[in-house]
Protein chains: 4
Amino acid sequence: MAPTSSQRDSLSVARQLAAQFASTAIERDRRGGTPKHERDLIRKSGLLALSIPTELGGWGAPWSEVMAVVRTFARVDGSLAHVFGFQHLMLATARLFGQREQWQPLLAQTAERAWFWGNALNPLDARTSLRREGSALSISGQKSFCSGSPDSDMLIVSALRPPETRLAIVAIPTSRAGITVHADWDNMGQRQTDSGSVTFEDVVIHPHELLDVPGPLGSTFASLRPCIAQLILANVYLGLAEGALEQAKVYTLSSRRAWLGSGVASASEDPYVLHRYGDMWVGLEAARALTDRAGLSLSEAWARGDELTPEQRGNTALAIATAKVSTTRDVSSQVFDVMGARATTAGAGLDRFWRNLRTHTLHDPVDYKLRELGRHALSGELPTPSFYS
Amino acid sequence: MAPTSSQRDSLSVARQLAAQFASTAIERDRRGGTPKHERDLIRKSGLLALSIPTELGGWGAPWSEVMAVVRTFARVDGSLAHVFGFQHLMLATARLFGQREQWQPLLAQTAERAWFWGNALNPLDARTSLRREGSALSISGQKSFCSGSPDSDMLIVSALRPPETRLAIVAIPTSRAGITVHADWDNMGQRQTDSGSVTFEDVVIHPHELLDVPGPLGSTFASLRPCIAQLILANVYLGLAEGALEQAKVYTLSSRRAWLGSGVASASEDPYVLHRYGDMWVGLEAARALTDRAGLSLSEAWARGDELTPEQRGNTALAIATAKVSTTRDVSSQVFDVMGARATTAGAGLDRFWRNLRTHTLHDPVDYKLRELGRHALSGELPTPSFYS
Amino acid sequence: MAPTSSQRDSLSVARQLAAQFASTAIERDRRGGTPKHERDLIRKSGLLALSIPTELGGWGAPWSEVMAVVRTFARVDGSLAHVFGFQHLMLATARLFGQREQWQPLLAQTAERAWFWGNALNPLDARTSLRREGSALSISGQKSFCSGSPDSDMLIVSALRPPETRLAIVAIPTSRAGITVHADWDNMGQRQTDSGSVTFEDVVIHPHELLDVPGPLGSTFASLRPCIAQLILANVYLGLAEGALEQAKVYTLSSRRAWLGSGVASASEDPYVLHRYGDMWVGLEAARALTDRAGLSLSEAWARGDELTPEQRGNTALAIATAKVSTTRDVSSQVFDVMGARATTAGAGLDRFWRNLRTHTLHDPVDYKLRELGRHALSGELPTPSFYS
Amino acid sequence: MAPTSSQRDSLSVARQLAAQFASTAIERDRRGGTPKHERDLIRKSGLLALSIPTELGGWGAPWSEVMAVVRTFARVDGSLAHVFGFQHLMLATARLFGQREQWQPLLAQTAERAWFWGNALNPLDARTSLRREGSALSISGQKSFCSGSPDSDMLIVSALRPPETRLAIVAIPTSRAGITVHADWDNMGQRQTDSGSVTFEDVVIHPHELLDVPGPLGSTFASLRPCIAQLILANVYLGLAEGALEQAKVYTLSSRRAWLGSGVASASEDPYVLHRYGDMWVGLEAARALTDRAGLSLSEAWARGDELTPEQRGNTALAIATAKVSTTRDVSSQVFDVMGARATTAGAGLDRFWRNLRTHTLHDPVDYKLRELGRHALSGELPTPSFYS
């Protein structure tokens with residue numbers, strides 16, 4: 001699916017998709033499950049190739065642009081924003097952990113066939129292992145939190161391989177024999193990320209599917225992977241917060257009445273309503289400035305490729321961690337104070353912003369992000385690369 | 001239904017009921033609608049007569065005890081806590097706004113027949129009016145936010161009666177011809193309070209059903225009504241917060257794992273988890289101390305009856321407003337940080353505490369409560385009685 | 001100095017003293033040094049015997065009353081509040097760590113001669129040691145943070161005595177040969193607590209001066225000492241906050257003008273000024289409720305004497321820790337927002353509340369108090385007695 | 001004083017000056033009064049001409065660079081930062097409110113003679129008036145908050161001129177007959193800004209000294225003046241906060257000991273100390289990002305000159321207001337929690353950051369800034385130009 005030049009204004013494409021997502025977001029939040037129709041709209045849009053180099057048939061967008069699309073989706077649908085962001089994280093995983101002869105065809109085929117990738121890389125879940133018998137490789141076990149695996153074309157999977165401590169990471173088709181994707185995700189928020197479980201029973205792995213050189217965090221450049229993951233999260237959080245505020249404005253302007261004894265004629269003149277909007281505005285502006293800055297920093301670090309120094313990587317990681325903390329402090333609960341009691345009607349679905357954010361901001365503890373940033377602030381130390389920093 | 005003496009330990013009865021409510025709370029939250037089975041359990045328990053004087057067949061409990069029962073219910077079910085609290089607010093409304101020959105039989109019959117009362121008194125909804133033709137009275141119109149009206153036996157209804165600015169308040173059977181109770185409450189939280197709408201079409205009102213002497217806020221004593229309403233809200237909020245923390249503890253102790261790099265063996269030794277528990281503890285202890293104090297203040301003010309002075313009423317109102325603000329600052333979102341990502345599974349239903357609180361804390365704006373308290377702190381002024389202060 | 005019965009209304013005495021302290025508080029804050037005149041006023045008032053049992057010539061006040069006097073002083077002078085509170089902590093130290101034949105004469109003489117006690121018990125400063133040669137005891141070394149030692153009549157001193165890990169605690173006259181009290185306290189806040197250093201050179205210690213049975217934290221009852229210390233701190237913090245708010249009110253009412261564009265006629269009608277007052281009010285009301293409750297809990301625990309159980313002690317410690325955290329979150333910086341720019345003139349001395357609080361709230365880290373409370377909230381553990389909990 | 005090219009690296013010059021200011025900052029804070037020596041160092045550095053166009057003999061720096069110098073000074077000395085920033089605000093006032101033939105010679109002479117300007121423009125102080133008798137002009141009256149007027153060479157003065165509502169603004173030599181500058185500034189913070197009072201007695205004003213075309217806020221471009229003032233404040237606040245954090249780091253690393261029971265070997269490993277540093281870091285990073293962005297926005301708006309549209313001016317004003325609110329939420333009190341009790345010694349002078357910030361952040365109420373931002377967030381309105389927005 002070669003994108004026409006008109007499609008290459010990714011933000012414009014994203015906004016059109018977002019408008020479609022918005023029209024069914026409340027209903028789909030209630031229903032949960034796989035947003036098959038919307039996933040197919042993304043497939044058709046060409047945006048699955050957004051981060052793929054143009055020479056491999058992609059759109060060649062820098063990370064800052066990918067993040068802007070993630071945020072655009074998140075304003076109306078946190079689930080689709082998440083799986084879309086992780087599409088590009090999966091592609092980056094192939095690129096960063098594997099060799100050119102591995103990732104080139106994967107990226108080219110993704111661009112050509114609009115493959116949607118799912119995530120079965122979960123370092124904290126130790127139930128899946130890689131077995132080697134002679135030259136034959138296979139994986140068996142279970143994985144939880146496998147976002148986007150139903151309806152996916154390809155999977156990135158992590159597996160233990162004792163006695164090595166390093167994880168094995170493989171890129172395989174979801175349709176491979178022995179793989180069962182379970183539709184068992186039923187959560188209070190992010191209800192259409194399909195972050196359920198996957199079972200692997202003696203799944204054959206071909207040698208070229210093992211992403212082992214340099215492998216997980218195997219080089220400074222490869223250690224950008226968690227940076228990408230964390231910045232996708234930050235952009236999902238920020239987009240959700242922006243979406244919540246956008247809805248709140250509509251509600252205050254259209255439906256809120258001045259409070260008895262407020263002395264003002266309309267809620268939009270209420271001193272406390274305005275003060276709360278001001279407070280939320282300052283918080284969002286700060287989050288936007290920090291998140292945009294982090295996006296540029298990531299784009300630059302990525303462009304350096306194998307020339308990337310540990311210090312440059314460290315500074316990018318700091319910028320991203322700072323953005324992540326700032327976007328975690330969200331407005332999704334406070335918006336109700338400017339909307340009033342009638343905004344709690346189930347039909348408005350306005351609690352979904354809080355449910356999505358609260359679910360997603362638990363991905364890894366913000367307290368440890370703050371510890372990491374504090375260590376830098378105090379002693380100048382850069383974050384040690386890990387799957388979460 | 002004369003309560004046996006063993007039933008008169010109201011907190012013990014309440015705890016037994018709460019245990020039953022808890023077992024179905026998640027499922028009922030999902031379903032919404034009228035909790036008929038649980039309402040009947042309350043009817044059978046005798047607690048509908050909790051605040052009714054013993055000489056009229058009730059349990060004779062002071063307000064502090066009624067509030068303790070409300071809080072006990074709220075720990076597991078915010079909706080039942082609300083309608084139970086409002087049962088006693090409705091009885092108090094009859095008592096405060098009406099004459100002895102009006103409220104005595106109403107209270108006695110409530111105790112005898114376990115009448116459940118619903119609330120159609122809503123001063124901000126001006127769509128219902130009282131019409132007087134000769135000596136015949138009737139009401140027509142609509143009311144929203146009529147908590148507990150489905151499955152109720154009696155209703156308290158407010159209506160305009162131009163040119164008088166004072167509201168007409170009546171106590172009538174829900175089964176009265178012309179009354180239609182709609183099952184149209186579908187909210188993000190407090191999903192089983194049945195706070196939907198009621199339609200009145202030429203509903204006949206008998207003179208003794210009009211609570212007009214002293215009438216709404218018609219005396220210092222009568223102006224305790226909003227105090228009772230506000231303190232019920234505070235106790236619902238506090239109980240919900242206590243319930244959220246209780247669930248969080250179970251979850252942290254049973255399911256949370258130590259974070260990678262935390263340097264501790266279990267989540268229950270994690271310095272940040274403990275710090276957050278400490279922070280929530282101090283907030284809840286403060287809310288408990290202030291809410292208990294307000295309960296005693298209300299009990300004393302009530303006991304003074306028509307001897308109640310405006311200053312005593314004012315000090316009670318201040319104590320209650322202080323409690324209300326302190327209970328509005330809740331922990332229901334923060335608890336997730338001590339539970340971690342797995343606690344967001346829909347089956348655990350742990351978002352319901354936030355949904356319930358967020359819905360209910362919008363009853364009237366906390367900012368105006370703070371303005372009222374600030375005016376007192378600065379100038380010593382006591383709150384002017386209104387339906388919200 | 002036998003107090004006359006009219007003096008025994010300790011709060012009334014304290015208020016009269018406080019009025020005198022207030023008239024010179026700004027000037028004395030600037031000057032620093034020893035408030036000799038004010039210390040002598042306290043001596044004359046009889047309040048140095050406030051906590052001493054009546055049978056030993058004292059006023060026999062429970063701890064809740066001592067704390068009320070501390071708070072009364074702190075509203076106008078944090079330094080005098082601190083040394084006055086520590087007077088009674090020193091007396092309690094003799095009572096709790098020593099034997100009846102030791103503390104009885106010490107308390108009786110204190111009541112008779114109006115002895116002012118200074119504090120040289122500092123577990124974190126390991127530079128002072130007790131030496132035993134044959135039956136002769138002596139101490140040598142240095143101590144920092146010796147509040148109230150200049151102009152004191154008696155000192156409580158801690159010293160190491162290797163190889164024992166337990167501290168030696170002695171009660172000796174300040175005039176004892178070998179003791180040099182340095183006037184070297186010059187701090188940003190609490191400027192008249194005289195918390196400077198003391199040097200000990202071969203200071204002879206008589207056996208009856210060693211408080212060793214049960215000794216420091218040597219019994220459940222003895223482990224109330226840190227509870228008393230912590231609650232004195234909480235009351236100093238609370239009094240300072242109350243004093244700051246009191247001054248702010250005077251300033252807002254007398255001097256603040258309505259802000260340009262506020263739409264109100266006077267600052268005392270400004271919605272944001274009122275909101276901030278309301279916010280501070282709720283915080284102070286919470287702190288007051290928790291601190292008063294802790295005072296009653298301590299009074300009861302003290303009254304139990306050697307019957308005090310570890311659980312009772314633990315619950316008192318929790319109540320006090322909760323109060324301490326709540327009083328640490330102070331309003332001394334926020335008050336300026338309701339007073340405006342002109343309140344920063346040096347002559348008004350209004351920064352002293354913040355300087356006093358900020359200095360004093362660093363006594364021991366509030367984060368570890370929160371950890372301790374969090375451990376209780378999560379697991380039900382009671383605080384392990386130490387010199388700080 | 002033509003700056004040599006080596007001096008034109010203004011940040012390098014500023015850093016050298018700041019190092020000199022730092023060495024005496026604590027002592028000068030104690031003393032108050034006019035920092036004559038340091039003002040003369042600024043004079044000699046050439047930085048008084050920093051914002052003056054090169055064609056008039058200045059350094060031609062954009063506002064973003066001026067702000068960076070202000071912030072550099074504020075890290076060590078809030079008072080010098082303020083008067084230095086206001087030097088350039090005074091020059092901008094001449095430029096914005098006057099005609100080319102007025103401001104060109106003023107700026108050229110300032111560059112040539114290193115004139116230091118003082119501020120006697122205070123719209124809230126209505127005690128000074130301009131009198132016109134025939135063609136003769138004079139001003140009489142008093143002004144408060146005249147920062148930097150002692151030791152100044154020139155003054156900008158505002159005066160009423162009834163019946164016109166527009167202020168008269170004049171630029172006159174401080175040495176003009178009838179002007180008395182009082183050394184009466186004695187404040188809790190910003191102690192060397194010399195923000196005392198000035199008396200004018202029949203001070204002759206020459207027609208070319210009246211800045212009346214376009215006059216105060218007399219054009220869109222002219223209405224950039226309050227933007228400059230507000231952004232100077234934001235940079236002073238931010239620099240002070242950065243300075244406080246810098247000092248805190250030195251103190252934690254060199255002097256703080258691990259707390260009893262923390263389980264870590266040094267304070268720089270303490271989880272709570274690190275968390276607090278992380279929290280302060282995120283706040284400062286946000287403030288830096290927003291303040292830098294505002295500086296660029298102002299530089300661009302300024303460069304547009306009379307082409308500046310109300311919308312561009314409005315967006316700049318919003319960016320600056322956002323920066324100002326974010327820098328008002330400072331860390332100067334929290335830093336003590338990471339330093340501990342010993343950091344409160346008067347000799348360390350570490351309370352001056354809080355005293356400076358607390359004094360300066362009251363310049364105009366942050367609550368009304370939030371209202372203004374909230375109005376924009378809610379309704380898209382741009383701030384109405386006034387002397388404070």
# chains A, B, ... in the order shown; residues from 1 in each chain; ligands from 1
>>> select_by_dssp(residues="segment 263-378 of chain A", states="helix (DSSP H, G or I)", output="VMD selection string")
chain A and resid 267 to 269 271 to 307 310 to 328 335 to 339 341 to 344 346 to 348 352 to 360 366 to 378
>>> closest_atom_pairs(of="chain A", to="chain B", cutoff="10 Å", atoms="only C-alpha atoms", output="Markdown table")
| residue | atom | partner | partner_atom | distance |
| --- | --- | --- | --- | --- |
| A:Leu124 | CA | B:Leu260 | CA | 8.7 |
| A:Phe145 | CA | B:Arg342 | CA | 9.6 |
| A:Trp185 | CA | B:Thr345 | CA | 8.1 |
| A:Asp186 | CA | B:Ala346 | CA | 5.5 |
| A:Asn187 | CA | B:Ala346 | CA | 4.1 |
| A:Met188 | CA | B:Ala346 | CA | 4.6 |
| A:Gly189 | CA | B:Thr344 | CA | 7.3 |
| A:Gln190 | CA | B:Thr344 | CA | 9.8 |
| A:Arg191 | CA | B:Ala346 | CA | 9.2 |
| A:Trp259 | CA | B:Pro365 | CA | 8.1 |
| A:Leu260 | CA | B:Leu124 | CA | 8.8 |
| A:Gly261 | CA | B:Tyr368 | CA | 8.7 |
| A:Ser262 | CA | B:Tyr368 | CA | 7.9 |
| A:Pro271 | CA | B:Asp367 | CA | 9.7 |
| A:Tyr272 | CA | B:Asp367 | CA | 6.7 |
| A:Val273 | CA | B:Asp367 | CA | 8.9 |
| A:Ser333 | CA | B:Arg358 | CA | 7.5 |
| A:Gln334 | CA | B:Arg358 | CA | 9.2 |
| A:Phe336 | CA | B:Arg358 | CA | 7.6 |
| A:Asp337 | CA | B:Leu362 | CA | 6.9 |
| A:Val338 | CA | B:Pro365 | CA | 9.2 |
| A:Met339 | CA | B:Leu362 | CA | 9.0 |
| A:Gly340 | CA | B:Leu362 | CA | 5.9 |
| A:Ala341 | CA | B:Leu362 | CA | 5.0 |
| A:Arg342 | CA | B:Leu362 | CA | 8.8 |
| A:Ala343 | CA | B:Thr359 | CA | 8.7 |
| A:Thr344 | CA | B:Met188 | CA | 5.6 |
| A:Thr345 | CA | B:Asn187 | CA | 4.2 |
| A:Ala346 | CA | B:Asn187 | CA | 4.1 |
| A:Gly347 | CA | B:Asn187 | CA | 7.5 |
| A:Ala348 | CA | B:Met188 | CA | 8.8 |
| A:Gly349 | CA | B:Met188 | CA | 7.3 |
| A:Leu350 | CA | B:Met188 | CA | 8.2 |
| A:Asp351 | CA | B:Met188 | CA | 6.7 |
| A:Arg352 | CA | B:Met188 | CA | 9.3 |
| A:Trp354 | CA | B:Ser333 | CA | 9.0 |
| A:Arg355 | CA | B:Asp351 | CA | 7.5 |
| A:Asn356 | CA | B:Thr344 | CA | 9.9 |
| A:Arg358 | CA | B:Ser333 | CA | 7.5 |
| A:Thr359 | CA | B:Thr344 | CA | 5.9 |
| A:His360 | CA | B:Ala341 | CA | 7.8 |
| A:Thr361 | CA | B:Ala341 | CA | 8.4 |
| A:Leu362 | CA | B:Ala341 | CA | 5.0 |
| A:His363 | CA | B:Ala341 | CA | 6.2 |
| A:Asp364 | CA | B:Ala341 | CA | 8.0 |
| A:Pro365 | CA | B:Asp337 | CA | 7.3 |
| A:Val366 | CA | B:Asp337 | CA | 8.5 |
| A:Asp367 | CA | B:Tyr272 | CA | 6.7 |
| A:Tyr368 | CA | B:Ser262 | CA | 7.9 |
| A:Arg371 | CA | B:Tyr272 | CA | 9.9 |
| A:Ser386 | CA | B:Leu260 | CA | 9.9 |
| A:Tyr388 | CA | B:Leu260 | CA | 9.2 |
>>> residues_around(residues="Phe221 of chain A", least_positions_apart="5", cutoff="10 Å", atoms="only C-alpha atoms", output="list of chain:residue names")
A:Leu96, A:Phe97, A:Pro214, A:Ala301, A:Trp302, A:Ala303, A:Arg304, A:Gly305, A:Asp306, A:Glu307, A:Leu308, A:Thr309, A:Pro310, A:Arg313
>>> write_last_selection(atoms="N, CA, C and O atoms", output="mmCIF file, in the first residue's frame")
data_model
loop_
_atom_site.group_PDB
_atom_site.id
_atom_site.type_symbol
_atom_site.label_atom_id
_atom_site.label_comp_id
_atom_site.auth_asym_id
_atom_site.auth_seq_id
_atom_site.Cartn_x
_atom_site.Cartn_y
_atom_site.Cartn_z
ATOM 1 N N LEU A 96 16.337 -2.305 16.445
ATOM 2 C CA LEU A 96 17.385 -2.048 17.442
ATOM 3 C C LEU A 96 18.089 -3.314 17.924
ATOM 4 O O LEU A 96 19.272 -3.287 18.233
ATOM 5 N N PHE A 97 17.329 -4.403 18.012
ATOM 6 C CA PHE A 97 17.898 -5.617 18.605
ATOM 7 C C PHE A 97 18.461 -6.566 17.546
ATOM 8 O O PHE A 97 19.228 -7.474 17.865
ATOM 9 N N PRO A 214 22.488 -6.752 18.030
ATOM 10 C CA PRO A 214 23.107 -6.766 19.358
ATOM 11 C C PRO A 214 22.229 -7.353 20.452
ATOM 12 O O PRO A 214 22.707 -7.543 21.562
ATOM 13 N N ALA A 301 18.453 11.470 18.912
ATOM 14 C CA ALA A 301 19.224 10.312 19.385
ATOM 15 C C ALA A 301 19.099 9.172 18.383
ATOM 16 O O ALA A 301 20.087 8.499 18.042
ATOM 17 N N TRP A 302 17.909 8.964 17.906
ATOM 18 C CA TRP A 302 17.657 7.902 16.928
ATOM 19 C C TRP A 302 18.463 8.145 15.648
ATOM 20 O O TRP A 302 19.068 7.220 15.091
ATOM 21 N N ALA A 303 18.498 9.402 15.224
ATOM 22 C CA ALA A 303 19.204 9.727 13.981
ATOM 23 C C ALA A 303 20.702 9.449 14.105
ATOM 24 O O ALA A 303 21.389 9.243 13.102
ATOM 25 N N ARG A 304 21.204 9.422 15.313
ATOM 26 C CA ARG A 304 22.631 9.168 15.487
ATOM 27 C C ARG A 304 22.985 7.690 15.292
ATOM 28 O O ARG A 304 24.131 7.347 15.080
ATOM 29 N N GLY A 305 22.014 6.810 15.429
ATOM 30 C CA GLY A 305 22.259 5.388 15.214
ATOM 31 C C GLY A 305 23.390 4.881 16.086
ATOM 32 O O GLY A 305 23.472 5.220 17.278
ATOM 33 N N ASP A 306 24.281 4.112 15.523
ATOM 34 C CA ASP A 306 25.338 3.501 16.322
ATOM 35 C C ASP A 306 26.358 4.497 16.838
ATOM 36 O O ASP A 306 27.234 4.140 17.625
ATOM 37 N N GLU A 307 26.240 5.750 16.373
ATOM 38 C CA GLU A 307 27.139 6.784 16.907
ATOM 39 C C GLU A 307 26.647 7.310 18.253
ATOM 40 O O GLU A 307 27.324 8.118 18.881
ATOM 41 N N LEU A 308 25.463 6.921 18.621
ATOM 42 C CA LEU A 308 24.868 7.455 19.856
ATOM 43 C C LEU A 308 25.776 7.156 21.055
ATOM 44 O O LEU A 308 26.167 6.005 21.273
ATOM 45 N N THR A 309 26.100 8.182 21.824
ATOM 46 C CA THR A 309 26.941 7.969 23.004
ATOM 47 C C THR A 309 26.068 7.695 24.226
ATOM 48 O O THR A 309 24.898 8.087 24.272
ATOM 49 N N PRO A 310 26.621 7.045 25.229
ATOM 50 C CA PRO A 310 25.856 6.812 26.465
ATOM 51 C C PRO A 310 25.354 8.122 27.073
ATOM 52 O O PRO A 310 24.265 8.156 27.629
ATOM 53 N N ARG A 313 22.352 9.251 25.048
ATOM 54 C CA ARG A 313 21.233 8.368 25.395
ATOM 55 C C ARG A 313 20.699 8.723 26.776
ATOM 56 O O ARG A 313 19.491 8.769 27.014
#
>>> residues_around(residues="segment 8-19 of chain A", least_positions_apart="6", cutoff="7 Å", atoms="only C-alpha atoms", output="list of chain:residue names")
A:Trp59, A:Val69, A:Thr72, A:Phe73, A:Val76
>>> residues_around(residues="segment 53-56 of chain D", least_positions_apart="6", cutoff="8 Å", atoms="only C-alpha atoms", output="number ranges by chain")
D: 104, 107-108, 111
>>> write_last_selection(atoms="N, CA and C atoms", output="compact mmCIF listing (two decimals), in the first residue's frame")
# COMPACT_ATOMS: atom_id res chain seq x y z
N GLN D 104 15.79 57.50 21.24
CA GLN D 104 17.12 57.31 20.67
C GLN D 104 18.22 57.94 21.51
N LEU D 107 18.66 56.07 24.92
CA LEU D 107 19.34 54.79 24.85
C LEU D 107 20.82 54.97 24.52
N ALA D 108 21.09 55.89 23.61
CA ALA D 108 22.49 56.10 23.23
C ALA D 108 23.31 56.60 24.43
N ALA D 111 23.96 53.84 26.90
CA ALA D 111 25.06 52.98 26.47
C ALA D 111 26.40 53.66 26.70
>>> residues_around(residues="Trp103 of chain A", least_positions_apart="6", cutoff="12 Å", atoms="only C-alpha atoms", output="number ranges by chain")
A: 52-53, 56, 90-97, 109-110, 170-171, 208-213
>>> atom_distance(atom1="atom CA of Ile156 of chain A", atom2="atom CA of Asn119 of chain A")
5.4 Å
>>> residues_around(residues="Pro62 of chain C", least_positions_apart="5", cutoff="9 Å", atoms="only C-alpha atoms", output="MDAnalysis selection string")
chainID C and resid 50:51 67 295:296 298:300 302:303
>>> write_last_selection(atoms="C-alpha atoms", output="PDB file, in the first residue's frame")
ATOM      1  CA  LEU C  50       2.952  22.818  85.718  1.00  0.00           C
ATOM      2  CA  SER C  51       3.467  19.097  85.155  1.00  0.00           C
ATOM      3  CA  MET C  67       0.450  21.032  75.574  1.00  0.00           C
ATOM      4  CA  GLY C 295      -2.877  15.075  73.977  1.00  0.00           C
ATOM      5  CA  LEU C 296      -5.710  13.162  75.603  1.00  0.00           C
ATOM      6  CA  LEU C 298      -0.850  10.846  76.106  1.00  0.00           C
ATOM      7  CA  SER C 299      -2.529  11.981  79.317  1.00  0.00           C
ATOM      8  CA  GLU C 300      -4.237   8.617  79.607  1.00  0.00           C
ATOM      9  CA  TRP C 302       0.870   8.609  81.389  1.00  0.00           C
ATOM     10  CA  ALA C 303      -1.802   8.043  84.011  1.00  0.00           C
TER      11      ALA C 303
END
>>> atom_distance(atom1="atom CA of Ala317 of chain B", atom2="atom CA of Leu231 of chain B")
9.2 Å
>>> closest_residue(among="B:Gln142, B:Val181, B:Pro216, B:Pro383", to="Leu370 of chain B", atoms="only C-alpha atoms")
B:Pro383
>>> closest_residue(among="D:Leu224, D:Ala241, D:Ile205, D:Ala289", to="Ser135 of chain D", atoms="only C-alpha atoms")
D:Ile205
>>> atom_distance(atom1="atom CA of Gly46 of chain B", atom2="atom CA of Trp117 of chain B")
13.9 Å
>>> closest_residue(among="C:Gln102, C:Ser326, C:Ala265, C:Val331", to="Ala287 of chain B", atoms="only C-alpha atoms")
C:Ser326
>>> select_by_dssp(residues="segment 72-219 of chain A", states="strand (DSSP E or B)", output="count of residues only")
48
>>> closest_residue(among="C:Asp151, C:Asp184, C:Glu311, C:Glu285", to="Thr327 of chain C", atoms="only C-alpha atoms")
C:Glu285
>>> closest_residue(among="C:Val264, C:Ala321, C:Val66, C:Ala120", to="Leu47 of chain C", atoms="only C-alpha atoms")
C:Val66
>>> closest_residue(among="B:Gln20, B:Ser379, B:Ser138, B:Gln192", to="Arg176 of chain B", atoms="only C-alpha atoms")
B:Ser138
>>> decode(residues="segment 281-289 of chain B", atoms="N, CA, C and O atoms", output="mmCIF file, in the first residue's frame")
data_model
loop_
_atom_site.group_PDB
_atom_site.id
_atom_site.type_symbol
_atom_site.label_atom_id
_atom_site.label_comp_id
_atom_site.auth_asym_id
_atom_site.auth_seq_id
_atom_site.Cartn_x
_atom_site.Cartn_y
_atom_site.Cartn_z
ATOM 1 N N TRP B 281 -3.245 7.589 55.330
ATOM 2 C CA TRP B 281 -3.650 7.409 56.724
ATOM 3 C C TRP B 281 -3.881 8.752 57.412
ATOM 4 O O TRP B 281 -4.912 8.964 58.062
ATOM 5 N N VAL B 282 -2.927 9.652 57.267
ATOM 6 C CA VAL B 282 -3.059 10.951 57.938
ATOM 7 C C VAL B 282 -4.296 11.681 57.420
ATOM 8 O O VAL B 282 -5.062 12.252 58.194
ATOM 9 N N GLY B 283 -4.515 11.618 56.115
ATOM 10 C CA GLY B 283 -5.702 12.253 55.551
ATOM 11 C C GLY B 283 -6.988 11.652 56.093
ATOM 12 O O GLY B 283 -7.918 12.369 56.461
ATOM 13 N N LEU B 284 -7.009 10.328 56.176
ATOM 14 C CA LEU B 284 -8.228 9.676 56.674
ATOM 15 C C LEU B 284 -8.426 9.910 58.167
ATOM 16 O O LEU B 284 -9.559 10.091 58.620
ATOM 17 N N GLU B 285 -7.345 9.904 58.921
ATOM 18 C CA GLU B 285 -7.479 10.168 60.353
ATOM 19 C C GLU B 285 -8.031 11.572 60.588
ATOM 20 O O GLU B 285 -8.869 11.784 61.453
ATOM 21 N N ALA B 286 -7.554 12.519 59.800
ATOM 22 C CA ALA B 286 -8.058 13.885 59.924
ATOM 23 C C ALA B 286 -9.545 13.923 59.577
ATOM 24 O O ALA B 286 -10.354 14.504 60.301
ATOM 25 N N ALA B 287 -9.907 13.282 58.469
ATOM 26 C CA ALA B 287 -11.307 13.275 58.046
ATOM 27 C C ALA B 287 -12.182 12.596 59.100
ATOM 28 O O ALA B 287 -13.283 13.056 59.403
ATOM 29 N N ARG B 288 -11.685 11.511 59.650
ATOM 30 C CA ARG B 288 -12.452 10.808 60.697
ATOM 31 C C ARG B 288 -12.645 11.694 61.918
ATOM 32 O O ARG B 288 -13.750 11.784 62.467
ATOM 33 N N ALA B 289 -11.567 12.330 62.357
ATOM 34 C CA ALA B 289 -11.677 13.168 63.562
ATOM 35 C C ALA B 289 -12.670 14.298 63.334
ATOM 36 O O ALA B 289 -13.510 14.591 64.194
#
